Amino acid sequence: MYTLGIETTCDETAASIVKDGVDVLSNIIFSQEDIHKKYGGVFPELASRSHLENIIYVIDKALTQANITKEEIDLIAVANGPGLLGSILIGLNVAKTLAYSLNKPLIGVNHIEAHLYASMMNDLEKVQFPSLGVVLSGGHTELVEILDIGKYVSIGKTIDDAIGEAFDKVAVMLNLPYPGGPEIEKLAKDGDENRYQFSPGRVKNSPFDFSFSGLKTKVLYTIKGQQGKKHDKSILKDIEKKHVAASFQKASFNDVIEKILLAINKKDYRAIYLGGGVTKSKKLKEMLHNRISNIPIYWPEPGFSLDNGAMIAGLGYQKFIKTKTQDSLDLCAKTRIPLV
Ligand code: KG4
Ligand code: ZN
């Protein structure tokens with residue numbers, strides 16, 4: 001069964017053809033990085049315009065690379081949220097139009113859930129539950145208990161910035177382009193991660209929730225001086241900036257790792273599944289594997305960490321097969337959808 005997966009919730013225009021939920025025949029991603037670079041984050045109006053310009057081309061390329069015609073598609077899966085409304089609407093309307101004109105079933109997929117599926121689809125036979133799910137992206141920071149594909153219990157989430165967003169904002173303070181995560185990782189390589197004692201916020205009575213805004217402000221004052229503003233000139237020498245990048249990176253990842261440890265010590269999970277753009281970080285992988293060795297850890301394969309259509313197609317297929325239902329053409333775009 002061939003599923004077309006369409007993803008336009010943020011700043012990647014992506015389409016993929018996946019066979020039987022796991023076999024990725026094509027995974028085309030048009031990244032808007034160059035468009036948003038100078039803004040230090042995603043510029044929503046420019047994002048939707050770019051999706052509109054590229055979506056048909058991206059879908060055509062996904063079909064060509066998979067060597068199938070559009071008539072051979074069996075199911076159309078689309079991320080209908082969470083994300084930026086104007087962006088989601090482009091992918092959603094294209095998906096509906098295709099479903100209607102080709103007379104194929106349509107299924108809406110939760111983008112965050114798809115990030116978790118990205119680390120499962122590679123070895124679906126081995127997937128066991130209950131497992132711990134960790135989504136670390138530009139828009140989301142979530143810890144969930146995975147009871148089954150499609151069945152989750154929320155454990156913790158960010159109460160302010162998402163972890164990737166914090167990296168993107170600290171990058172702006174360090175005069176680095178968007179997306180900030182990879183830039184900070186590069187800069188941090190030659191820095192001393194113990195030079196600055198940064199620590200992320202604690203959320204009262206919610207040991208599994210995250211808060212990055214205090215950490216971000218601490219980093220801001222370190223780079224720009226007390227009461228300094230985001231666009232002020234840095235008071236630090238270049239070498240100190242490397243130390244700040246390394247110390248910030250260590251503090252944020254330590255926070256995630258401490259919460260993962262807390263969760264796996266509290267309950268017997270079979271495995272940990274991670275997803276989202278931040279899981280591209282080699283440093284995070286190294287730090288997590290150094291701390292946890294008694295439980296299998298699954299990461300998305302290269303090309304499946306950042307937003308992509310394959311995770312949407314794969315999860316859409318699973319949902320379709322499991323629930324034996326499809327969505328109607330009234331399917332709504334949702335800027336927020338809880339996982340549970
Ligand atoms: O999953 P994703 O493509 O978008 C959302 O669904 O939000 O993730 C993008 C995020 C950006 O914030 C980017 O800075 C972050 O992933 N990122 C990283 C790294 N590579 C990408 N963060 C930290 N370290 C990295 N190496
Ligand atoms: Zn994402």
# chains A, B, ... in the order shown; residues from 1 in each chain; ligands from 1
call {"tool": "residues_around", "arguments": {"residues": "Asp168 of chain A", "least_positions_apart": "4", "cutoff": "7 Å", "atoms": "only C-alpha atoms", "output": "PDB file with N, CA, C and O atoms, in the first residue's frame"}}
result
ATOM      1  N   GLY A  40      16.306  35.077  12.380  1.00  0.00           N
ATOM      2  CA  GLY A  40      16.581  34.412  13.656  1.00  0.00           C
ATOM      3  C   GLY A  40      15.481  33.451  14.076  1.00  0.00           C
ATOM      4  O   GLY A  40      15.468  32.955  15.199  1.00  0.00           O
ATOM      5  N   GLY A  41      14.544  33.187  13.208  1.00  0.00           N
ATOM      6  CA  GLY A  41      13.438  32.270  13.502  1.00  0.00           C
ATOM      7  C   GLY A  41      12.530  32.243  12.289  1.00  0.00           C
ATOM      8  O   GLY A  41      12.804  32.920  11.293  1.00  0.00           O
ATOM      9  N   GLY A 164      14.475  23.572  21.110  1.00  0.00           N
ATOM     10  CA  GLY A 164      15.074  24.041  19.855  1.00  0.00           C
ATOM     11  C   GLY A 164      14.938  25.551  19.709  1.00  0.00           C
ATOM     12  O   GLY A 164      15.839  26.237  19.215  1.00  0.00           O
ATOM     13  N   VAL A 172      20.792  33.752  18.104  1.00  0.00           N
ATOM     14  CA  VAL A 172      20.636  35.161  17.732  1.00  0.00           C
ATOM     15  C   VAL A 172      21.534  36.023  18.624  1.00  0.00           C
ATOM     16  O   VAL A 172      22.239  36.916  18.156  1.00  0.00           O
ATOM     17  N   TYR A 178      19.863  31.353  11.790  1.00  0.00           N
ATOM     18  CA  TYR A 178      18.850  30.333  12.035  1.00  0.00           C
ATOM     19  C   TYR A 178      19.063  29.176  11.059  1.00  0.00           C
ATOM     20  O   TYR A 178      19.398  29.435   9.912  1.00  0.00           O
ATOM     21  N   PRO A 179      18.852  27.923  11.411  1.00  0.00           N
ATOM     22  CA  PRO A 179      18.528  27.423  12.738  1.00  0.00           C
ATOM     23  C   PRO A 179      19.752  27.365  13.647  1.00  0.00           C
ATOM     24  O   PRO A 179      20.853  26.977  13.212  1.00  0.00           O
ATOM     25  N   GLY A 180      19.543  27.733  14.896  1.00  0.00           N
ATOM     26  CA  GLY A 180      20.661  27.941  15.810  1.00  0.00           C
ATOM     27  C   GLY A 180      21.321  26.680  16.336  1.00  0.00           C
ATOM     28  O   GLY A 180      22.508  26.679  16.635  1.00  0.00           O
ATOM     29  N   GLY A 181      20.529  25.598  16.451  1.00  0.00           N
ATOM     30  CA  GLY A 181      21.063  24.374  17.070  1.00  0.00           C
ATOM     31  C   GLY A 181      22.391  23.905  16.481  1.00  0.00           C
ATOM     32  O   GLY A 181      23.390  23.783  17.202  1.00  0.00           O
TER      33      GLY A 181
END
call {"tool": "select_by_dssp", "arguments": {"residues": "segment 59-295 of chain A", "states": "helix (DSSP H, G or I)", "output": "compact mmCIF listing (two decimals) with N, CA, C and O atoms, in the first residue's frame"}}
result
# COMPACT_ATOMS: atom_id res chain seq x y z
N ILE A 59 5.87 17.35 -4.22
CA ILE A 59 5.06 16.13 -4.35
C ILE A 59 5.39 15.40 -5.66
O ILE A 59 5.57 14.18 -5.69
N ASP A 60 5.51 16.17 -6.74
CA ASP A 60 5.87 15.57 -8.04
C ASP A 60 7.19 14.82 -7.95
O ASP A 60 7.33 13.71 -8.44
N LYS A 61 8.14 15.46 -7.26
CA LYS A 61 9.46 14.85 -7.13
C LYS A 61 9.38 13.56 -6.29
O LYS A 61 10.07 12.58 -6.58
N ALA A 62 8.55 13.59 -5.26
CA ALA A 62 8.40 12.40 -4.41
C ALA A 62 7.82 11.24 -5.22
O ALA A 62 8.25 10.09 -5.08
N LEU A 63 6.86 11.56 -6.09
CA LEU A 63 6.26 10.51 -6.93
C LEU A 63 7.26 9.97 -7.93
O LEU A 63 7.41 8.76 -8.11
N THR A 64 7.99 10.89 -8.57
CA THR A 64 8.96 10.48 -9.59
C THR A 64 10.04 9.60 -8.96
O THR A 64 10.40 8.54 -9.50
N GLN A 65 10.53 10.04 -7.80
CA GLN A 65 11.61 9.27 -7.17
C GLN A 65 11.13 7.89 -6.71
O GLN A 65 11.89 6.93 -6.72
N ALA A 66 9.87 7.81 -6.31
CA ALA A 66 9.33 6.52 -5.87
C ALA A 66 8.91 5.67 -7.07
O ALA A 66 8.54 4.50 -6.90
N LYS A 70 0.48 9.29 -9.62
CA LYS A 70 -0.41 9.73 -8.53
C LYS A 70 -1.64 8.82 -8.42
O LYS A 70 -2.20 8.64 -7.35
N GLU A 71 -2.01 8.19 -9.52
CA GLU A 71 -3.15 7.27 -9.48
C GLU A 71 -2.84 6.02 -8.64
O GLU A 71 -3.74 5.36 -8.14
N GLU A 72 -1.56 5.72 -8.50
CA GLU A 72 -1.19 4.52 -7.73
C GLU A 72 -1.15 4.75 -6.22
O GLU A 72 -0.98 3.81 -5.44
N LEU A 85 -0.54 28.13 11.51
CA LEU A 85 -1.81 27.95 10.81
C LEU A 85 -1.67 28.13 9.29
O LEU A 85 -2.07 27.27 8.50
N GLY A 86 -1.06 29.24 8.88
CA GLY A 86 -0.94 29.53 7.45
C GLY A 86 -0.14 28.47 6.72
O GLY A 86 -0.40 28.17 5.55
N SER A 87 0.82 27.89 7.39
CA SER A 87 1.66 26.85 6.79
C SER A 87 0.90 25.53 6.69
O SER A 87 0.89 24.88 5.64
N ILE A 88 0.24 25.14 7.79
CA ILE A 88 -0.50 23.87 7.80
C ILE A 88 -1.55 23.88 6.68
O ILE A 88 -1.73 22.88 5.97
N LEU A 89 -2.22 25.03 6.52
CA LEU A 89 -3.31 25.11 5.54
C LEU A 89 -2.88 24.79 4.12
O LEU A 89 -3.66 24.24 3.33
N ILE A 90 -1.65 25.12 3.78
CA ILE A 90 -1.18 24.85 2.40
C ILE A 90 -1.14 23.34 2.17
O ILE A 90 -1.76 22.83 1.22
N GLY A 91 -0.45 22.61 3.04
CA GLY A 91 -0.35 21.15 2.88
C GLY A 91 -1.72 20.49 2.97
O GLY A 91 -2.04 19.58 2.20
N LEU A 92 -2.53 20.97 3.92
CA LEU A 92 -3.84 20.36 4.14
C LEU A 92 -4.74 20.53 2.92
O LEU A 92 -5.41 19.58 2.48
N ASN A 93 -4.74 21.72 2.33
CA ASN A 93 -5.61 21.94 1.17
C ASN A 93 -5.14 21.16 -0.06
O ASN A 93 -5.96 20.66 -0.84
N VAL A 94 -3.84 21.04 -0.21
CA VAL A 94 -3.32 20.23 -1.32
C VAL A 94 -3.71 18.77 -1.10
O VAL A 94 -4.17 18.08 -2.03
N ALA A 95 -3.58 18.30 0.14
CA ALA A 95 -3.93 16.90 0.46
C ALA A 95 -5.41 16.65 0.18
O ALA A 95 -5.78 15.62 -0.41
N LYS A 96 -6.26 17.57 0.59
CA LYS A 96 -7.71 17.40 0.37
C LYS A 96 -8.04 17.39 -1.12
O LYS A 96 -8.85 16.60 -1.58
N THR A 97 -7.39 18.31 -1.85
CA THR A 97 -7.65 18.39 -3.30
C THR A 97 -7.26 17.08 -3.98
O THR A 97 -8.00 16.56 -4.82
N LEU A 98 -6.11 16.55 -3.59
CA LEU A 98 -5.66 15.28 -4.19
C LEU A 98 -6.61 14.15 -3.81
O LEU A 98 -6.98 13.33 -4.66
N ALA A 99 -7.00 14.12 -2.53
CA ALA A 99 -7.89 13.04 -2.07
C ALA A 99 -9.21 13.09 -2.84
O ALA A 99 -9.73 12.06 -3.27
N TYR A 100 -9.72 14.30 -3.03
CA TYR A 100 -11.00 14.46 -3.72
C TYR A 100 -10.87 14.10 -5.20
O TYR A 100 -11.65 13.31 -5.75
N SER A 101 -9.84 14.67 -5.84
CA SER A 101 -9.75 14.47 -7.30
C SER A 101 -9.32 13.05 -7.67
O SER A 101 -9.73 12.55 -8.71
N LEU A 102 -8.54 12.42 -6.81
CA LEU A 102 -8.10 11.05 -7.13
C LEU A 102 -9.01 9.99 -6.50
O LEU A 102 -8.80 8.79 -6.69
N HIS A 111 1.67 16.02 14.09
CA HIS A 111 3.09 16.20 13.77
C HIS A 111 4.02 15.71 14.89
O HIS A 111 5.07 15.11 14.63
N ILE A 112 3.65 15.95 16.14
CA ILE A 112 4.52 15.55 17.27
C ILE A 112 4.58 14.03 17.37
O ILE A 112 5.64 13.43 17.57
N GLU A 113 3.41 13.42 17.20
CA GLU A 113 3.34 11.96 17.24
C GLU A 113 4.20 11.37 16.11
O GLU A 113 4.89 10.36 16.30
N ALA A 114 4.17 12.03 14.97
CA ALA A 114 4.95 11.55 13.82
C ALA A 114 6.45 11.62 14.12
O ALA A 114 7.22 10.75 13.69
N HIS A 115 6.89 12.62 14.88
CA HIS A 115 8.31 12.70 15.24
C HIS A 115 8.72 11.45 16.04
O HIS A 115 9.84 10.97 15.90
N LEU A 116 7.82 10.96 16.87
CA LEU A 116 8.14 9.74 17.64
C LEU A 116 8.14 8.52 16.73
O LEU A 116 8.99 7.64 16.86
N TYR A 117 7.19 8.49 15.81
CA TYR A 117 7.12 7.35 14.89
C TYR A 117 8.40 7.26 14.04
O TYR A 117 8.82 6.16 13.65
N ALA A 118 9.02 8.43 13.79
CA ALA A 118 10.24 8.45 12.97
C ALA A 118 11.34 7.55 13.54
O ALA A 118 12.12 6.96 12.80
N SER A 119 11.41 7.43 14.87
CA SER A 119 12.45 6.56 15.43
C SER A 119 11.96 5.11 15.59
O SER A 119 12.72 4.23 15.95
N MET A 120 10.69 4.88 15.33
CA MET A 120 10.15 3.51 15.42
C MET A 120 10.13 2.81 14.07
O MET A 120 10.26 1.60 13.98
N MET A 121 9.92 3.61 13.00
CA MET A 121 9.61 3.00 11.71
C MET A 121 10.76 2.21 11.11
O MET A 121 10.55 1.31 10.32
N ASN A 122 11.95 2.49 11.59
CA ASN A 122 13.13 1.81 11.08
C ASN A 122 13.15 0.34 11.47
O ASN A 122 13.67 -0.51 10.76
N ASP A 123 12.62 0.05 12.65
CA ASP A 123 12.64 -1.32 13.16
C ASP A 123 11.32 -1.62 13.87
O ASP A 123 11.30 -1.94 15.06
N LEU A 124 10.25 -1.51 13.14
CA LEU A 124 8.91 -1.57 13.73
C LEU A 124 8.63 -2.92 14.40
O LEU A 124 7.94 -2.98 15.41
N GLU A 125 9.24 -3.96 13.87
CA GLU A 125 9.04 -5.31 14.44
C GLU A 125 9.47 -5.37 15.90
O GLU A 125 8.89 -6.08 16.71
N LYS A 126 10.53 -4.57 16.21
CA LYS A 126 11.11 -4.64 17.55
C LYS A 126 10.43 -3.74 18.57
O LYS A 126 10.75 -3.77 19.75
N ILE A 163 12.85 23.49 23.47
CA ILE A 163 14.32 23.44 23.56
C ILE A 163 14.99 23.96 22.28
O ILE A 163 15.94 24.75 22.35
N GLY A 164 14.48 23.57 21.11
CA GLY A 164 15.07 24.04 19.85
C GLY A 164 14.94 25.55 19.71
O GLY A 164 15.84 26.24 19.21
N GLU A 165 13.81 26.06 20.18
CA GLU A 165 13.55 27.50 20.15
C GLU A 165 14.59 28.23 21.02
O GLU A 165 15.09 29.29 20.64
N ALA A 166 14.91 27.64 22.18
CA ALA A 166 15.91 28.25 23.06
C ALA A 166 17.27 28.28 22.35
O ALA A 166 17.99 29.28 22.39
N PHE A 167 17.60 27.19 21.64
CA PHE A 167 18.86 27.17 20.87
C PHE A 167 18.82 28.27 19.80
O PHE A 167 19.81 28.97 19.58
N ASP A 168 17.68 28.40 19.13
CA ASP A 168 17.58 29.40 18.06
C ASP A 168 17.72 30.82 18.62
O ASP A 168 18.35 31.68 18.00
N LYS A 169 17.16 31.05 19.81
CA LYS A 169 17.23 32.40 20.39
C LYS A 169 18.62 32.71 20.93
O LYS A 169 19.12 33.82 20.79
N VAL A 170 19.26 31.72 21.53
CA VAL A 170 20.64 31.93 22.01
C VAL A 170 21.56 32.17 20.80
O VAL A 170 22.49 32.98 20.85
N ALA A 171 21.27 31.49 19.69
CA ALA A 171 22.07 31.70 18.47
C ALA A 171 21.99 33.16 18.03
O ALA A 171 23.00 33.76 17.64
N VAL A 172 20.79 33.75 18.10
CA VAL A 172 20.64 35.16 17.73
C VAL A 172 21.53 36.02 18.62
O VAL A 172 22.24 36.92 18.16
N MET A 173 21.56 35.72 19.93
CA MET A 173 22.40 36.49 20.86
C MET A 173 23.87 36.37 20.51
O MET A 173 24.65 37.26 20.76
N GLY A 180 19.54 27.73 14.90
CA GLY A 180 20.66 27.94 15.81
C GLY A 180 21.32 26.68 16.34
O GLY A 180 22.51 26.68 16.64
N GLY A 181 20.53 25.60 16.45
CA GLY A 181 21.06 24.37 17.07
C GLY A 181 22.39 23.90 16.48
O GLY A 181 23.39 23.78 17.20
N PRO A 182 22.42 23.64 15.16
CA PRO A 182 23.68 23.15 14.58
C PRO A 182 24.82 24.17 14.70
O PRO A 182 25.99 23.78 14.85
N GLU A 183 24.49 25.46 14.66
CA GLU A 183 25.52 26.51 14.77
C GLU A 183 26.12 26.49 16.18
O GLU A 183 27.34 26.64 16.35
N ILE A 184 25.26 26.33 17.17
CA ILE A 184 25.74 26.30 18.55
C ILE A 184 26.59 25.04 18.78
O ILE A 184 27.63 25.09 19.41
N GLU A 185 26.13 23.94 18.21
CA GLU A 185 26.91 22.70 18.36
C GLU A 185 28.32 22.88 17.79
O GLU A 185 29.32 22.47 18.39
N LYS A 186 28.40 23.54 16.63
CA LYS A 186 29.70 23.77 15.98
C LYS A 186 30.58 24.67 16.85
O LYS A 186 31.73 24.36 17.12
N LEU A 187 30.01 25.78 17.31
CA LEU A 187 30.76 26.75 18.11
C LEU A 187 31.22 26.13 19.43
O LEU A 187 32.32 26.40 19.92
N ALA A 188 30.35 25.27 19.98
CA ALA A 188 30.62 24.69 21.31
C ALA A 188 31.78 23.70 21.30
O ALA A 188 32.37 23.40 22.34
N SER A 213 13.13 29.61 29.77
CA SER A 213 13.20 31.06 29.59
C SER A 213 14.20 31.72 30.56
O SER A 213 14.90 32.65 30.20
N GLY A 214 14.28 31.20 31.80
CA GLY A 214 15.25 31.76 32.76
C GLY A 214 16.68 31.51 32.31
O GLY A 214 17.55 32.39 32.39
N LEU A 215 16.90 30.33 31.81
CA LEU A 215 18.24 29.96 31.30
C LEU A 215 18.64 30.90 30.15
O LEU A 215 19.76 31.40 30.09
N LYS A 216 17.67 31.14 29.29
CA LYS A 216 17.89 32.03 28.13
C LYS A 216 18.28 33.44 28.59
O LYS A 216 19.21 34.05 28.06
N THR A 217 17.59 33.93 29.61
CA THR A 217 17.89 35.27 30.12
C THR A 217 19.28 35.31 30.76
O THR A 217 20.04 36.26 30.59
N LYS A 218 19.62 34.26 31.49
CA LYS A 218 20.95 34.18 32.11
C LYS A 218 22.03 34.23 31.03
O LYS A 218 23.04 34.93 31.15
N VAL A 219 21.80 33.50 29.95
CA VAL A 219 22.76 33.49 28.84
C VAL A 219 22.83 34.89 28.20
O VAL A 219 23.92 35.39 27.91
N LEU A 220 21.67 35.51 28.06
CA LEU A 220 21.61 36.86 27.48
C LEU A 220 22.48 37.84 28.28
O LEU A 220 23.30 38.57 27.72
N TYR A 221 22.31 37.83 29.60
CA TYR A 221 23.06 38.76 30.44
C TYR A 221 24.56 38.45 30.43
O TYR A 221 25.40 39.34 30.54
N THR A 222 24.87 37.16 30.26
CA THR A 222 26.29 36.79 30.19
C THR A 222 26.91 37.33 28.91
O THR A 222 28.05 37.81 28.91
N ILE A 223 26.14 37.29 27.82
CA ILE A 223 26.70 37.73 26.52
C ILE A 223 26.66 39.26 26.38
O ILE A 223 27.60 39.86 25.85
N LYS A 224 25.58 39.87 26.83
CA LYS A 224 25.38 41.31 26.58
C LYS A 224 25.60 42.19 27.81
O LYS A 224 25.44 43.40 27.74
N ASP A 238 35.59 36.41 21.46
CA ASP A 238 35.13 35.25 20.70
C ASP A 238 35.31 33.93 21.45
O ASP A 238 34.46 33.06 21.40
N ILE A 239 36.42 33.79 22.15
CA ILE A 239 36.67 32.52 22.85
C ILE A 239 35.63 32.31 23.96
O ILE A 239 35.16 31.20 24.19
N GLU A 240 35.23 33.41 24.61
CA GLU A 240 34.21 33.29 25.67
C GLU A 240 32.87 32.86 25.09
O GLU A 240 32.11 32.14 25.72
N LYS A 241 32.60 33.31 23.85
CA LYS A 241 31.33 32.93 23.21
C LYS A 241 31.28 31.41 23.02
O LYS A 241 30.23 30.78 23.14
N LYS A 242 32.43 30.85 22.71
CA LYS A 242 32.49 29.38 22.56
C LYS A 242 32.18 28.70 23.89
O LYS A 242 31.48 27.68 23.93
N HIS A 243 32.70 29.28 24.98
CA HIS A 243 32.43 28.70 26.30
C HIS A 243 30.94 28.82 26.64
O HIS A 243 30.35 27.91 27.21
N VAL A 244 30.34 29.97 26.26
CA VAL A 244 28.90 30.17 26.53
C VAL A 244 28.10 29.12 25.75
O VAL A 244 27.19 28.47 26.31
N ALA A 245 28.43 28.95 24.47
CA ALA A 245 27.69 27.98 23.64
C ALA A 245 27.80 26.58 24.25
O ALA A 245 26.80 25.86 24.38
N ALA A 246 29.02 26.21 24.65
CA ALA A 246 29.23 24.87 25.21
C ALA A 246 28.50 24.71 26.55
O ALA A 246 27.88 23.67 26.81
N SER A 247 28.55 25.74 27.38
CA SER A 247 27.92 25.65 28.71
C SER A 247 26.40 25.63 28.58
O SER A 247 25.71 24.90 29.31
N PHE A 248 25.87 26.41 27.64
CA PHE A 248 24.41 26.43 27.42
C PHE A 248 23.94 25.07 26.90
O PHE A 248 22.95 24.51 27.37
N GLN A 249 24.69 24.54 25.93
CA GLN A 249 24.33 23.25 25.34
C GLN A 249 24.32 22.16 26.41
O GLN A 249 23.39 21.36 26.51
N LYS A 250 25.38 22.18 27.24
CA LYS A 250 25.47 21.16 28.29
C LYS A 250 24.31 21.29 29.27
O LYS A 250 23.68 20.29 29.66
N ALA A 251 24.01 22.53 29.68
CA ALA A 251 22.93 22.74 30.66
C ALA A 251 21.59 22.26 30.12
O ALA A 251 20.83 21.58 30.82
N SER A 252 21.27 22.60 28.86
CA SER A 252 19.96 22.19 28.34
C SER A 252 19.87 20.69 28.18
O SER A 252 18.84 20.09 28.49
N PHE A 253 20.93 20.07 27.65
CA PHE A 253 20.85 18.62 27.45
C PHE A 253 20.85 17.88 28.79
O PHE A 253 20.17 16.85 28.94
N ASN A 254 21.61 18.39 29.76
CA ASN A 254 21.59 17.77 31.09
C ASN A 254 20.19 17.76 31.67
O ASN A 254 19.77 16.79 32.29
N ASP A 255 19.49 18.85 31.45
CA ASP A 255 18.12 18.97 31.97
C ASP A 255 17.24 17.87 31.37
O ASP A 255 16.50 17.18 32.09
N VAL A 256 17.35 17.70 30.04
CA VAL A 256 16.55 16.66 29.37
C VAL A 256 16.93 15.28 29.92
O VAL A 256 16.07 14.46 30.26
N ILE A 257 18.23 15.06 30.05
CA ILE A 257 18.71 13.74 30.49
C ILE A 257 18.27 13.44 31.93
O ILE A 257 17.84 12.33 32.24
N GLU A 258 18.35 14.45 32.80
CA GLU A 258 17.91 14.25 34.19
C GLU A 258 16.45 13.83 34.23
O GLU A 258 16.05 12.97 35.01
N LYS A 259 15.63 14.46 33.39
CA LYS A 259 14.19 14.14 33.40
C LYS A 259 13.93 12.76 32.81
O LYS A 259 13.04 12.04 33.26
N ILE A 260 14.72 12.38 31.82
CA ILE A 260 14.59 11.03 31.26
C ILE A 260 14.96 10.00 32.35
O ILE A 260 14.26 9.00 32.55
N LEU A 261 16.04 10.29 33.07
CA LEU A 261 16.47 9.37 34.13
C LEU A 261 15.40 9.24 35.20
O LEU A 261 15.10 8.13 35.67
N LEU A 262 14.82 10.37 35.56
CA LEU A 262 13.75 10.37 36.57
C LEU A 262 12.59 9.49 36.11
O LEU A 262 12.04 8.70 36.89
N ALA A 263 12.25 9.62 34.83
CA ALA A 263 11.11 8.86 34.28
C ALA A 263 11.42 7.37 34.24
O ALA A 263 10.59 6.54 34.64
N ILE A 264 12.63 7.00 33.80
CA ILE A 264 12.91 5.55 33.66
C ILE A 264 13.19 4.90 35.02
O ILE A 264 13.08 3.70 35.17
N ASN A 265 13.52 5.73 36.02
CA ASN A 265 13.69 5.17 37.36
C ASN A 265 12.34 4.97 38.05
O ASN A 265 12.21 4.16 38.96
N LYS A 266 11.36 5.71 37.59
CA LYS A 266 10.04 5.64 38.21
C LYS A 266 9.23 4.47 37.65
O LYS A 266 8.42 3.88 38.35
N GLY A 277 13.92 17.77 15.59
CA GLY A 277 15.15 18.33 15.03
C GLY A 277 16.35 18.33 15.96
O GLY A 277 17.49 18.12 15.52
N VAL A 278 16.12 18.52 17.26
CA VAL A 278 17.24 18.60 18.21
C VAL A 278 17.97 17.26 18.33
O VAL A 278 19.14 17.21 18.69
N THR A 279 17.27 16.16 17.97
CA THR A 279 17.92 14.84 18.06
C THR A 279 18.99 14.66 16.98
O THR A 279 19.67 13.65 16.95
N LYS A 280 19.16 15.66 16.13
CA LYS A 280 20.27 15.63 15.17
C LYS A 280 21.60 15.84 15.88
O LYS A 280 22.66 15.57 15.34
N LYS A 282 24.84 15.53 17.75
CA LYS A 282 25.76 14.44 18.10
C LYS A 282 26.09 14.50 19.59
O LYS A 282 26.27 13.50 20.26
N LYS A 283 26.16 15.74 20.09
CA LYS A 283 26.49 15.95 21.49
C LYS A 283 25.41 15.34 22.40
O LYS A 283 25.72 14.69 23.40
N LEU A 284 24.16 15.56 22.03
CA LEU A 284 23.06 15.00 22.83
C LEU A 284 23.15 13.47 22.86
O LEU A 284 23.00 12.85 23.92
N LYS A 285 23.42 12.89 21.70
CA LYS A 285 23.53 11.43 21.61
C LYS A 285 24.62 10.91 22.53
O LYS A 285 24.43 9.98 23.29
N GLU A 286 25.76 11.58 22.44
CA GLU A 286 26.92 11.17 23.24
C GLU A 286 26.58 11.28 24.74
O GLU A 286 26.83 10.35 25.51
N MET A 287 25.97 12.39 25.13
CA MET A 287 25.67 12.61 26.55
C MET A 287 24.64 11.59 27.05
O MET A 287 24.79 11.05 28.15
N LEU A 288 23.62 11.31 26.24
CA LEU A 288 22.57 10.39 26.69
C LEU A 288 23.09 8.96 26.80
O LEU A 288 22.82 8.26 27.78
N HIS A 289 23.87 8.54 25.80
CA HIS A 289 24.40 7.17 25.84
C HIS A 289 25.43 7.01 26.96
O HIS A 289 25.59 5.92 27.50
N ASN A 290 26.11 8.08 27.33
CA ASN A 290 27.06 8.02 28.46
C ASN A 290 26.33 7.79 29.78
O ASN A 290 26.88 7.21 30.71
N ARG A 291 25.10 8.30 29.87
CA ARG A 291 24.37 8.21 31.13
C ARG A 291 23.43 7.00 31.22
O ARG A 291 23.11 6.55 32.29
call {"tool": "residues_near_ligand", "arguments": {"ligand": "ligand 2", "cutoff": "6 Å", "atoms": "only C-alpha atoms and all ligand atoms", "output": "list in words"}}
result
Ser137, Gly276 and Asp307 of chain A
call {"tool": "write_last_selection", "arguments": {"atoms": "C-alpha atoms", "output": "PDB file, in the first residue's frame"}}
result
ATOM      1  CA  SER A 137      12.150  20.142  18.395  1.00  0.00           C
ATOM      2  CA  GLY A 276      12.490  16.082  16.521  1.00  0.00           C
ATOM      3  CA  ASP A 307      10.455  17.703   9.666  1.00  0.00           C
TER       4      ASP A 307
END
